[in-house]
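Here is the structure we will look at.
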Amino acid sequence: MTATDHGGGRLLAISDLHSGYADNRALIERMAPESDEDWLLVAGDVAETVSDIRRCLKTLTGRFRKVVWAPGNHELWTHPSDTVTLRGVDRYAHLVEVCRELGVTTPEDPYPIWQGPDGPVAVAPLFLLYDYSFLPEGCATKDEGLAYAHGTGVVCNDESLLHPDPYPSREAWCRARVAETERRLSALPDDLPMVLVNHYPLHRHPTEVLWYPEFAMWCGTRLTADWHRRFRAAAVVYGHLHIPRTTYHEGVRFEEVSVGYPREWQKRQGPPGTLRRIL
């Protein structure tokens, strides 16, 4: 379940690169490690098309000792502009093969062991999706939550672009992914700390600052609410919210590391595209 890989540098992280934007591509061109031993964790939303995903990850693998990828919802979209028309599980499997061709570690590979100064830790890229359990206040079911979201006009594009085939729903796919990932994480040594890397936050608390709270429905699952403690997380790395910040929950550090869209950068104090040092 794990593969030892001696990394004496830093464990850096980024997400939501959205490399289809010219300004974002310019940021990616400037991204560089601090040493030849640095690893880069990429927590999803590299791009919408397979060609853009491949191009971006190829650039990064040429610079960092190891690149670790967890998929975001945008990679899983069957986008009208993409020549690859695969859907659901088949699309994800295709992306895994693209990553393996490039030497990128995916959620389907043995978890690598980072042996840096703060190590050893297992680095676990996760693919878990969401199950609509982060409901808006006052809503008791998915249908009520979706009705509320449609009423406000805040509806994730996943509803038309992210297909769960062959699963009957995105939440069914989520439950299957959670069960399989839970099995793999539980098989790791009890004394081995982990860095958990997922596109979505593993706990709901980071969504409390969303401008549109109803969007939380597309941001994770309650099934992972205790994983940061249960699986000995040294840190939890995620993106998706486009609100880069550091929070602590029950003594565990949560790092939102997204780049986001150019229109969002002006709202932030620091420069966009800065790699976050995790360990």
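Chain lettering (A, B, ...) mirrors the order of the structure tokens, residue numbering begins at 1 for each chain separately, and ligand numbering begins at 1 in order of display.
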
Taking the DSSP secondary structure from the backbone, can you list the residues of region 40-228 of chain A that are strand (DSSP E or B), as a PyMOL selection string? chain A and resi 40-42+66-69+105+111-114+121-125+194-197

Put those residues in a file: N, CA, C and O atoms, as an mmCIF file, in the first residue's frame.
```
data_model
loop_
_atom_site.group_PDB
_atom_site.id
_atom_site.type_symbol
_atom_site.label_atom_id
_atom_site.label_comp_id
_atom_site.auth_asym_id
_atom_site.auth_seq_id
_atom_site.Cartn_x
_atom_site.Cartn_y
_atom_site.Cartn_z
ATOM 1 N N LEU A 40 5.701 18.039 -5.107
ATOM 2 C CA LEU A 40 4.559 18.933 -5.294
ATOM 3 C C LEU A 40 3.261 18.130 -5.248
ATOM 4 O O LEU A 40 3.083 17.168 -5.996
ATOM 5 N N LEU A 41 2.365 18.537 -4.358
ATOM 6 C CA LEU A 41 1.033 17.942 -4.249
ATOM 7 C C LEU A 41 0.060 18.824 -5.025
ATOM 8 O O LEU A 41 -0.029 20.029 -4.773
ATOM 9 N N VAL A 42 -0.651 18.237 -5.972
ATOM 10 C CA VAL A 42 -1.601 18.973 -6.808
ATOM 11 C C VAL A 42 -3.002 18.461 -6.488
ATOM 12 O O VAL A 42 -3.369 17.352 -6.860
ATOM 13 N N LYS A 66 8.924 14.715 -7.282
ATOM 14 C CA LYS A 66 7.720 13.887 -7.419
ATOM 15 C C LYS A 66 6.517 14.804 -7.455
ATOM 16 O O LYS A 66 6.442 15.788 -6.716
ATOM 17 N N VAL A 67 5.561 14.464 -8.334
ATOM 18 C CA VAL A 67 4.281 15.162 -8.396
ATOM 19 C C VAL A 67 3.200 14.168 -8.007
ATOM 20 O O VAL A 67 3.144 13.050 -8.526
ATOM 21 N N VAL A 68 2.340 14.578 -7.062
ATOM 22 C CA VAL A 68 1.238 13.750 -6.570
ATOM 23 C C VAL A 68 -0.066 14.460 -6.908
ATOM 24 O O VAL A 68 -0.230 15.635 -6.585
ATOM 25 N N TRP A 69 -0.989 13.744 -7.559
ATOM 26 C CA TRP A 69 -2.225 14.364 -8.059
ATOM 27 C C TRP A 69 -3.463 13.693 -7.478
ATOM 28 O O TRP A 69 -3.555 12.473 -7.436
ATOM 29 N N THR A 105 2.035 10.433 -9.381
ATOM 30 C CA THR A 105 1.366 9.528 -8.450
ATOM 31 C C THR A 105 -0.113 9.885 -8.346
ATOM 32 O O THR A 105 -0.465 11.060 -8.179
ATOM 33 N N TYR A 111 0.753 4.552 -1.842
ATOM 34 C CA TYR A 111 1.018 5.855 -1.233
ATOM 35 C C TYR A 111 2.522 6.003 -0.993
ATOM 36 O O TYR A 111 3.127 5.187 -0.286
ATOM 37 N N PRO A 112 3.144 7.035 -1.539
ATOM 38 C CA PRO A 112 4.584 7.200 -1.321
ATOM 39 C C PRO A 112 4.889 7.680 0.087
ATOM 40 O O PRO A 112 4.079 8.369 0.721
ATOM 41 N N ILE A 113 6.063 7.315 0.581
ATOM 42 C CA ILE A 113 6.528 7.743 1.902
ATOM 43 C C ILE A 113 7.532 8.870 1.717
ATOM 44 O O ILE A 113 8.578 8.692 1.089
ATOM 45 N N TRP A 114 7.198 10.020 2.253
ATOM 46 C CA TRP A 114 8.096 11.172 2.180
ATOM 47 C C TRP A 114 9.019 11.143 3.388
ATOM 48 O O TRP A 114 8.562 11.081 4.532
ATOM 49 N N VAL A 121 6.322 10.444 6.515
ATOM 50 C CA VAL A 121 4.868 10.487 6.449
ATOM 51 C C VAL A 121 4.428 9.814 5.155
ATOM 52 O O VAL A 121 5.133 9.870 4.146
ATOM 53 N N ALA A 122 3.265 9.169 5.203
ATOM 54 C CA ALA A 122 2.657 8.658 3.982
ATOM 55 C C ALA A 122 1.873 9.789 3.333
ATOM 56 O O ALA A 122 1.106 10.492 3.998
ATOM 57 N N VAL A 123 2.093 9.985 2.047
ATOM 58 C CA VAL A 123 1.362 11.003 1.296
ATOM 59 C C VAL A 123 0.239 10.288 0.542
ATOM 60 O O VAL A 123 0.503 9.465 -0.335
ATOM 61 N N ALA A 124 -1.000 10.588 0.904
ATOM 62 C CA ALA A 124 -2.149 9.850 0.371
ATOM 63 C C ALA A 124 -3.027 10.748 -0.481
ATOM 64 O O ALA A 124 -3.839 11.519 0.047
ATOM 65 N N PRO A 125 -2.889 10.691 -1.820
ATOM 66 C CA PRO A 125 -3.842 11.397 -2.679
ATOM 67 C C PRO A 125 -5.169 10.642 -2.691
ATOM 68 O O PRO A 125 -5.203 9.417 -2.827
ATOM 69 N N MET A 194 0.203 10.785 8.283
ATOM 70 C CA MET A 194 -0.167 10.944 6.876
ATOM 71 C C MET A 194 -0.405 12.401 6.529
ATOM 72 O O MET A 194 -0.804 13.207 7.380
ATOM 73 N N VAL A 195 -0.157 12.717 5.270
ATOM 74 C CA VAL A 195 -0.654 13.946 4.672
ATOM 75 C C VAL A 195 -1.749 13.519 3.704
ATOM 76 O O VAL A 195 -1.501 12.775 2.755
ATOM 77 N N LEU A 196 -2.976 13.932 3.994
ATOM 78 C CA LEU A 196 -4.130 13.559 3.185
ATOM 79 C C LEU A 196 -4.393 14.660 2.163
ATOM 80 O O LEU A 196 -4.550 15.830 2.527
ATOM 81 N N VAL A 197 -4.436 14.289 0.885
ATOM 82 C CA VAL A 197 -4.582 15.253 -0.202
ATOM 83 C C VAL A 197 -5.871 14.939 -0.959
ATOM 84 O O VAL A 197 -5.992 13.875 -1.579
#
```

Spatial neighbours of region 137-146 of chain A, 9 Å, only C-alpha atoms, chain gap at least 5 places, as a PyMOL selection string: chain A and resi 131-132+151+155+213-214+217

Residue with smallest distance to Glu48 (chain A) - pool A:Ala149, A:Val84, A:Leu126, A:Ala32, counting only C-alpha atoms: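 Of the candidates, the smallest distance to Glu48 (chain A) is held by A:Val84.
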
Skip His74 (chain A) itself and residues of its chain fewer than 2 positions away, then list as a VMD selection string all residues within 9 Å of it, counting only C-alpha atoms. chain A and resid 16 18 44 to 49 71 to 72 76 to 79 158 161 to 162

List the neighbours of region 56-65 of chain A out to 6 Å using only C-alpha atoms; skip same-chain residues closer than 5 positions along the sequence, and give me the result as JSON, numbers by chain. {"A": [37, 38, 39]}

Near Arg230 (chain A), counting only C-alpha atoms, which residues have an atom at most 10 Å away, once you skip same-chain residues fewer than 6 positions from it, shown as a ChimeraX atom specification? /A:185-186,190,224

Atoms to include: all heavy atoms. Write the selected residues as a PDB file, in the first residue's frame.
```pdb
ATOM      1  N   LEU A 185      -6.575   3.099   3.537  1.00  0.00           N
ATOM      2  CA  LEU A 185      -5.946   3.876   4.608  1.00  0.00           C
ATOM      3  C   LEU A 185      -5.863   3.068   5.899  1.00  0.00           C
ATOM      4  O   LEU A 185      -4.887   3.176   6.648  1.00  0.00           O
ATOM      5  CB  LEU A 185      -6.726   5.170   4.842  1.00  0.00           C
ATOM      6  CG  LEU A 185      -6.695   6.211   3.724  1.00  0.00           C
ATOM      7  CD1 LEU A 185      -7.610   7.374   4.053  1.00  0.00           C
ATOM      8  CD2 LEU A 185      -5.276   6.707   3.455  1.00  0.00           C
ATOM      9  N   SER A 186      -6.871   2.253   6.150  1.00  0.00           N
ATOM     10  CA  SER A 186      -6.890   1.451   7.377  1.00  0.00           C
ATOM     11  C   SER A 186      -5.817   0.386   7.392  1.00  0.00           C
ATOM     12  O   SER A 186      -5.434  -0.118   8.455  1.00  0.00           O
ATOM     13  CB  SER A 186      -8.262   0.795   7.554  1.00  0.00           C
ATOM     14  OG  SER A 186      -9.276   1.771   7.697  1.00  0.00           O
ATOM     15  N   ASP A 190      -0.225   1.679  12.060  1.00  0.00           N
ATOM     16  CA  ASP A 190      -0.911   2.565  13.002  1.00  0.00           C
ATOM     17  C   ASP A 190      -0.048   3.720  13.488  1.00  0.00           C
ATOM     18  O   ASP A 190      -0.576   4.703  14.011  1.00  0.00           O
ATOM     19  CB  ASP A 190      -1.399   1.761  14.212  1.00  0.00           C
ATOM     20  CG  ASP A 190      -2.531   0.813  13.863  1.00  0.00           C
ATOM     21  OD1 ASP A 190      -3.190   1.045  12.830  1.00  0.00           O
ATOM     22  OD2 ASP A 190      -2.743  -0.154  14.611  1.00  0.00           O
ATOM     23  N   THR A 224     -16.341  11.532   5.904  1.00  0.00           N
ATOM     24  CA  THR A 224     -14.909  11.687   6.197  1.00  0.00           C
ATOM     25  C   THR A 224     -14.657  12.650   7.359  1.00  0.00           C
ATOM     26  O   THR A 224     -13.521  13.083   7.561  1.00  0.00           O
ATOM     27  CB  THR A 224     -14.159  12.192   4.953  1.00  0.00           C
ATOM     28  OG1 THR A 224     -14.679  13.486   4.569  1.00  0.00           O
ATOM     29  CG2 THR A 224     -14.316  11.239   3.782  1.00  0.00           C
TER      30      THR A 224
END
```

Give the answer as one residue: which of A:Pro206, A:Pro164, A:Gly270, A:Gly20 has the shortest atom-to-atom distance to Tyr130 (chain A), using only C-alpha atoms?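 When distances to Tyr130 (chain A) are compared using only C-alpha atoms, the smallest one comes from A:Pro164.
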
DSSP helix (DSSP H, G or I) residues within region 98-168 of chain A, as a list in words: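 Assigned to helix (DSSP H, G or I), within region 98-168 of chain A: Val98, Cys99, Arg100, Glu101, Leu102, Lys142, Asp143, Glu144, Gly145, Leu146, Ala147, Tyr148, Ala149, His150, Gly151, Thr152, Asp158, Glu159, Ser160 and Leu161 of chain A.
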
Based on the selection just made, write C-alpha atoms of those residues as a PDB file, in the first residue's frame.
```
ATOM      1  CA  VAL A  98      -2.141   9.763 -18.480  1.00  0.00           C
ATOM      2  CA  CYS A  99      -0.626  10.488 -15.071  1.00  0.00           C
ATOM      3  CA  ARG A 100       1.188   7.166 -14.957  1.00  0.00           C
ATOM      4  CA  GLU A 101       2.709   7.853 -18.383  1.00  0.00           C
ATOM      5  CA  LEU A 102       4.076  11.089 -16.944  1.00  0.00           C
ATOM      6  CA  LYS A 142     -30.738  16.413  -1.316  1.00  0.00           C
ATOM      7  CA  ASP A 143     -33.894  17.327  -3.230  1.00  0.00           C
ATOM      8  CA  GLU A 144     -34.657  20.136  -0.792  1.00  0.00           C
ATOM      9  CA  GLY A 145     -31.068  21.359  -1.023  1.00  0.00           C
ATOM     10  CA  LEU A 146     -31.052  21.354  -4.817  1.00  0.00           C
ATOM     11  CA  ALA A 147     -34.389  23.141  -4.931  1.00  0.00           C
ATOM     12  CA  TYR A 148     -32.998  25.814  -2.624  1.00  0.00           C
ATOM     13  CA  ALA A 149     -29.835  26.153  -4.741  1.00  0.00           C
ATOM     14  CA  HIS A 150     -31.836  26.500  -7.956  1.00  0.00           C
ATOM     15  CA  GLY A 151     -33.909  29.154  -6.224  1.00  0.00           C
ATOM     16  CA  THR A 152     -30.798  31.199  -5.439  1.00  0.00           C
ATOM     17  CA  ASP A 158     -21.196  19.372 -12.144  1.00  0.00           C
ATOM     18  CA  GLU A 159     -24.947  18.886 -12.439  1.00  0.00           C
ATOM     19  CA  SER A 160     -24.622  18.920 -16.227  1.00  0.00           C
ATOM     20  CA  LEU A 161     -20.951  18.062 -16.856  1.00  0.00           C
TER      21      LEU A 161
END
```

So, counting only C-alpha atoms, which residue among A:Glu97, A:Asp109, A:Glu171, A:Glu256 is closest to Arg184 (chain A)?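 That would be A:Asp109, the residue with the smallest distance to Arg184 (chain A).
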
Pick from A:Leu12, A:Thr106, A:Ala225, A:Gly260, whichever lies nearest to Leu279 (chain A) using only C-alpha atoms: A:Leu12

Measuring between only C-alpha atoms, which one of A:Cys219, A:Leu128, A:Leu210, A:Ile278 shows the shortest distance to Ala179 (chain A)? A:Leu128

Using only C-alpha atoms, which residues sit within 7 Å of Asp165 (chain A) once same-chain residues fewer than 4 positions away are excluded, as a count of residues only? 3

If we count only C-alpha atoms, what is near Pro272 (chain A) at a cut-off of 12 Å, once residues fewer than 3 positions away on the same chain are taken out, given as a VMD selection string? chain A and resid 14 to 17 23 to 28 30 to 31 242 to 244 257 to 269 275 to 276

Min atom-atom distance to Arg10 (chain A) from the set A:Asp226, A:Leu129, A:Arg277, A:Arg183, counting only C-alpha atoms, belongs to A:Arg277
